[in-house]
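K.L.:
Okay, handing you the structure first.
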Protein chains: 2
Amino acid sequence: MIPRQPPEPRFKRLSADQRAAELVQAGLAVLATGGITAFTIDNICKRAGASRGLIGHHFGGKDGLLAACYAAAYAPLLLMLQDAGAPPALPDLIDELFTDRQFRREGLNIWLALWGEIAVNPRLQAEHLKHYRTYHRLIATAIARHRNRTAADPEDLALATALIALLDGIWVEFCIAPQEMSRDRARAAVQTLLTPHLGPI
Amino acid sequence: MIPRQPPEPRFKRLSADQRAAELVQAGLAVLATGGITAFTIDNICKRAGASRGLIGHHFGGKDGLLAACYAAAYAPLLLMLQDAGAPPALPDLIDELFTDRQFRREGLNIWLALWGEIAVNPRLQAEHLKHYRTYHRLIATAIARHRNRTAADPEDLALATALIALLDGIWVEFCIAPQEMSRDRARAAVQTLLTPHLGPI
DNA sequence: GCAATTGTTGTATGATCGTTCAACAAGAAA
DNA sequence: TTTCTTGTTGAACGATCATACAACAATTGC
């Protein structure tokens with residue numbers, strides 16, 4: 001008599017939150033690797049090791065997952081800016097942006113993939129605005145603190161706008177021409193343009 | 001007797017160069033409107049008023065057309081920087097970047113669409129490098145001239161790198177959140193960050 | 001006019017796309 | 001155990017994708 005094994009489960013059953021998180025991670029990985037054109041149901045589900053019906057079930061469709069991926073792309077940045085309740089000191093903040101954790105092609109590629117889509121997709125544009133405003137306010141606060149102000153004045157807000165744009169552009173160049181925009185050059189660009197306004201950082 | 005009209009030609013026959021140019025223009029229009037995901041044979045040929053076989057015939061396939069579109073996207077910028085044999089004076093150059101001709105969402109959207117693709121497409125990356133180096137050299141030359149130098153020194157090159165990144169980032173923000181990055185704010189950002197190095201512009 | 005050239009058309013093809021949904025099964029509750 | 005809830009599967013569907021190519025026709029050269 002062969003002892004009967006309990007049959008191997010055909011799939012693993014996750015909580016809705018867990019499964020959603022795995023699909024988002026897979027979506028981000030696909031965006032980083034192949035850009036927005038690789039963001040397909042097949043690619044994502046294969047990467048996540050899940051079946052094709054799940055994206056519809058958990059996100060209502062591909063667009064829903066894309067919006068969730070956008071929020072997830074912002075998460076590490078906002079977390080770093082908020083994890084102590086307030087943004088870190090500006091020099092620390094900038095240091096962090098050039099660590100291996102933040103300054104990685106695999107991570108930054110995601111922004112390029114998403115920006116091209118946000119520019120022509122009103123729903124994602126609305127989604128973006130919320131995250132951007134939080135992000136901008138936190139950067140402006142860090143700048144104001146660095147100047148020993150308690151609240152950000154218009155000058156701080158304008159400088160935050162400029163710094164955000166500069167970082168975006170650095171990420172673009174780093175992703176499309178790494179030979180020309182090394183981490184050192186990127187850092188030097190930020191130093192050079194900010195020092196006259198904020199002192200040596 | 002009805003006088004026999006010469007039959008209406010069923011299509012207009014263009015020279016290879018003309019047709020190629022029309023397809024490139026249609027491709028750019030599609031990128032500006034719908035991003036890289038709208039860059040399909042059907043969309044492009046419909047926009048160009050041509051049949052679907054032509055992209056294969058003139059460019060060998062969609063990838064060939066995309067590379068041609070990338071070169072065409074750079075053309076207005078490089079033309080502006082070279083049309084007098086040398087780049088314009090730096091203040092004029094920056095003024096031009098904020099005219100209606102250059103600072104338009106329809107035009108700048110094209111960059112966002114392409115960047116997301118270049119980041120994950122080695123062939124386009126190689127294509128990009130050529131154009132970028134020309135672009136960078138011209139900007140650096142304009143900066144050197146503005147400082148009364150005959151040739152660009154390392155400081156000029158670094159500042160050119162920073163300025164290019166800043167412009168890229170401004171274009172990104174302007175395309176994905178026009179409410180937050182108006183033309184005036186964009187201009188102010190460039191002024192604020194460059195003035196300490198180049199004097200009032 | 002006539003033949004050669006070459007730009008153009010549009011269908012056929014097979015692959016892949018996003019979505020839907022009925023059947024299923026894993027785990028929780030009874 | 002049995003029932004119930006709900007996460008999961010995967011096939012089916014119609015739409016759309018890029019490409020190939022044989023037939024065609026506008027123009028050029030003669």
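FYI, nothing fancy with the structure tokens labels: chains A, B, ... in order, residues from 1 per chain, ligands from 1 as they appear.
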Could you pull the residues within 12 Å of DA3 of chain C, counting only C-alpha atoms (C1' of nucleotides), minus those fewer than 5 positions along the same chain, as a VMD selection string?
P.N.:
chain D and resid 28 to 30
K.L.:
Okay, now the selection with C-alpha atoms (C1' of nucleotides), as a compact mmCIF listing (two decimals), in the first residue's frame?
P.N.:
```
# COMPACT_ATOMS: atom_id res chain seq x y z
C1' DT D 28 10.08 58.83 -65.61
C1' DG D 29 12.80 57.98 -69.50
C1' DC D 30 12.73 56.71 -73.93
```
K.L.:
Could the residues of chain B within 6 Å of chain A, counting only C-alpha atoms, be given as a PyMOL selection string, please?
P.N.:
chain B and resi 34+112-113+116+118-120+162+165-166+168-170+175-176+189+193
K.L.:
Using only C-alpha atoms (C1' of nucleotides), determine which residues lie at most 12 Å from Ala144 of chain A, disregarding the query and same-chain residues fewer than 4 positions distant; provide the list as a PDB file with C-alpha atoms, in the first residue's frame.
P.N.:
```pdb
ATOM      1  CA  PRO A  87      12.119  65.734   6.368  1.00  0.00           C
ATOM      2  CA  PRO A  88      15.776  65.145   7.216  1.00  0.00           C
ATOM      3  CA  ALA A  89      18.237  68.018   7.181  1.00  0.00           C
ATOM      4  CA  LEU A  90      18.899  69.171   3.648  1.00  0.00           C
ATOM      5  CA  ARG A 137       5.986  70.765   0.312  1.00  0.00           C
ATOM      6  CA  LEU A 138       8.439  68.440   2.031  1.00  0.00           C
ATOM      7  CA  ILE A 139      11.375  69.622  -0.059  1.00  0.00           C
ATOM      8  CA  ALA A 140      10.431  73.249   0.546  1.00  0.00           C
ATOM      9  CA  ASN A 148      16.695  78.620   9.790  1.00  0.00           C
ATOM     10  CA  ARG A 149      13.147  79.515   8.901  1.00  0.00           C
ATOM     11  CA  THR A 150      10.207  77.916  10.587  1.00  0.00           C
ATOM     12  CA  ALA A 151       7.958  78.044   7.519  1.00  0.00           C
ATOM     13  CA  ALA A 152       8.679  78.027   3.806  1.00  0.00           C
ATOM     14  CA  ASP A 153       8.463  81.447   2.193  1.00  0.00           C
ATOM     15  CA  PRO A 154       7.984  82.045  -1.550  1.00  0.00           C
ATOM     16  CA  GLU A 155      11.703  81.942  -2.131  1.00  0.00           C
ATOM     17  CA  ASP A 156      11.930  78.519  -0.551  1.00  0.00           C
ATOM     18  CA  LEU A 157       9.019  77.281  -2.614  1.00  0.00           C
ATOM     19  CA  ALA A 158      10.623  78.521  -5.808  1.00  0.00           C
ATOM     20  CA  LEU A 159      13.926  76.917  -4.931  1.00  0.00           C
ATOM     21  CA  ALA A 160      12.159  73.651  -4.179  1.00  0.00           C
ATOM     22  CA  HIS A 197      21.690  79.813  -2.447  1.00  0.00           C
ATOM     23  CA  LEU A 198      22.139  77.408   0.411  1.00  0.00           C
TER      24      LEU A 198
END
```
K.L.:
Here is a test: counting only C-alpha atoms (C1' of nucleotides), which residue of D:DT16, D:DT27, D:DT8, D:DT2 is nearest to DA15 of chain C?
P.N.:
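Selected residue with least distance to DA15 of chain C: D:DT16.
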K.L.:
I want to know what sits within 9 Å of DG18 of chain C, based on only C-alpha atoms (C1' of nucleotides), with residues of the same chain fewer than 6 positions away left out; could you give that as a list in words?
P.N.:
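Here the qualifying residues turn out to be Thr40, Ile41, Gly61 and Lys62 of chain A.
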K.L.:
Choose the residue, out of B:Asp184, B:Arg52, B:Thr141, B:Leu14, that has the smallest atom-to-atom separation from DT11 of chain C; count only C-alpha atoms (C1' of nucleotides).
P.N.:
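Closest to DT11 of chain C of all the choices is B:Arg52.
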K.L.:
Choose the residue, out of B:Ala21, B:Pro91, B:Gly53, B:Arg10, that has the smallest atom-to-atom separation from DA20 of chain D; count only C-alpha atoms (C1' of nucleotides).
P.N.:
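Closest to DA20 of chain D, using only C-alpha atoms (C1' of nucleotides): B:Gly53.
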K.L.:
Counting only C-alpha atoms (C1' of nucleotides), which residues in chain A sit no more than 12 Å from chain D? For each one, give the nearest pair of atoms and the distance in Å, sorted by chain then residue number, as a tab-separated table.
P.N.:
```
residue	atom	partner	partner_atom	distance
A:Pro9	CA	D:DT8	C1'	11.8
A:Arg10	CA	D:DT9	C1'	9.5
A:Phe11	CA	D:DT8	C1'	7.6
A:Lys12	CA	D:DT8	C1'	8.7
A:Arg13	CA	D:DG7	C1'	6.2
A:Leu14	CA	D:DG7	C1'	7.1
A:Ser15	CA	D:DG7	C1'	7.6
A:Ala16	CA	D:DG7	C1'	7.5
A:Asp17	CA	D:DG7	C1'	11.1
A:Gln18	CA	D:DG7	C1'	11.2
A:Arg19	CA	D:DG7	C1'	9.2
A:Ala20	CA	D:DG7	C1'	11.4
A:Gly49	CA	D:DT8	C1'	11.9
A:Ala50	CA	D:DT8	C1'	8.6
A:Ser51	CA	D:DT9	C1'	6.4
A:Arg52	CA	D:DG10	C1'	7.9
A:Gly53	CA	D:DT9	C1'	7.5
A:Leu54	CA	D:DT8	C1'	7.4
A:Ile55	CA	D:DT8	C1'	11.2
A:Gly56	CA	D:DT8	C1'	11.8
A:His57	CA	D:DG7	C1'	9.1
A:His58	CA	D:DG7	C1'	9.7
```
K.L.:
Quick check: residues of chain C within 9 Å of chain A, only C-alpha atoms (C1' of nucleotides), returned as a ChimeraX atom specification.
P.N.:
/C:17-20,25-27
K.L.:
Once you have the residues from the selection above, write them out as a short mmCIF file (atom, residue, chain, number, x, y, z; two decimals), in the first residue's frame, restricted to C-alpha atoms (C1' of nucleotides).
P.N.:
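Everything below was put into result-v9.cif:
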```
data_model
loop_
_atom_site.label_atom_id
_atom_site.label_comp_id
_atom_site.auth_asym_id
_atom_site.auth_seq_id
_atom_site.Cartn_x
_atom_site.Cartn_y
_atom_site.Cartn_z
"C1'" DC C 17 -3.30 42.59 -26.59
"C1'" DG C 18 -7.07 43.49 -22.42
"C1'" DT C 19 -11.17 41.83 -20.60
"C1'" DT C 20 -14.62 38.62 -19.17
"C1'" DA C 25 -10.25 25.21 -4.78
"C1'" DA C 26 -7.91 26.90 -0.56
"C1'" DG C 27 -8.67 28.32 3.80
#
```
K.L.:
Have a look at A:Leu66, A:Leu78, A:Ala84, A:Val30 and name the one nearest to Tyr135 of chain A; count only C-alpha atoms.
P.N.:
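Among A:Leu66, A:Leu78, A:Ala84, A:Val30, it is A:Leu78 that comes nearest to Tyr135 of chain A.
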K.L.:
If you measure from atom CA of Arg101 of chain A to atom CA of Gly199 of chain A, what distance in Å do you get, rounded to one decimal?
P.N.:
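Calculated distance between atom CA of Arg101 of chain A and atom CA of Gly199 of chain A is 25.8 Å.
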K.L.:
Please give the complete set of residues from segment 112-192 of chain B that DSSP, run on the backbone, assigns to helix (DSSP H, G or I), formatted as JSON, numbers by chain.
P.N.:
{"B": [112, 113, 114, 115, 116, 117, 118, 122, 123, 124, 125, 126, 127, 128, 129, 130, 131, 132, 133, 134, 135, 136, 137, 138, 139, 140, 141, 142, 143, 144, 145, 146, 154, 155, 156, 157, 158, 159, 160, 161, 162, 163, 164, 165, 166, 167, 168, 169, 170, 171, 172, 173, 174, 175, 176, 183, 184, 185, 186, 187, 188, 189, 190, 191, 192]}
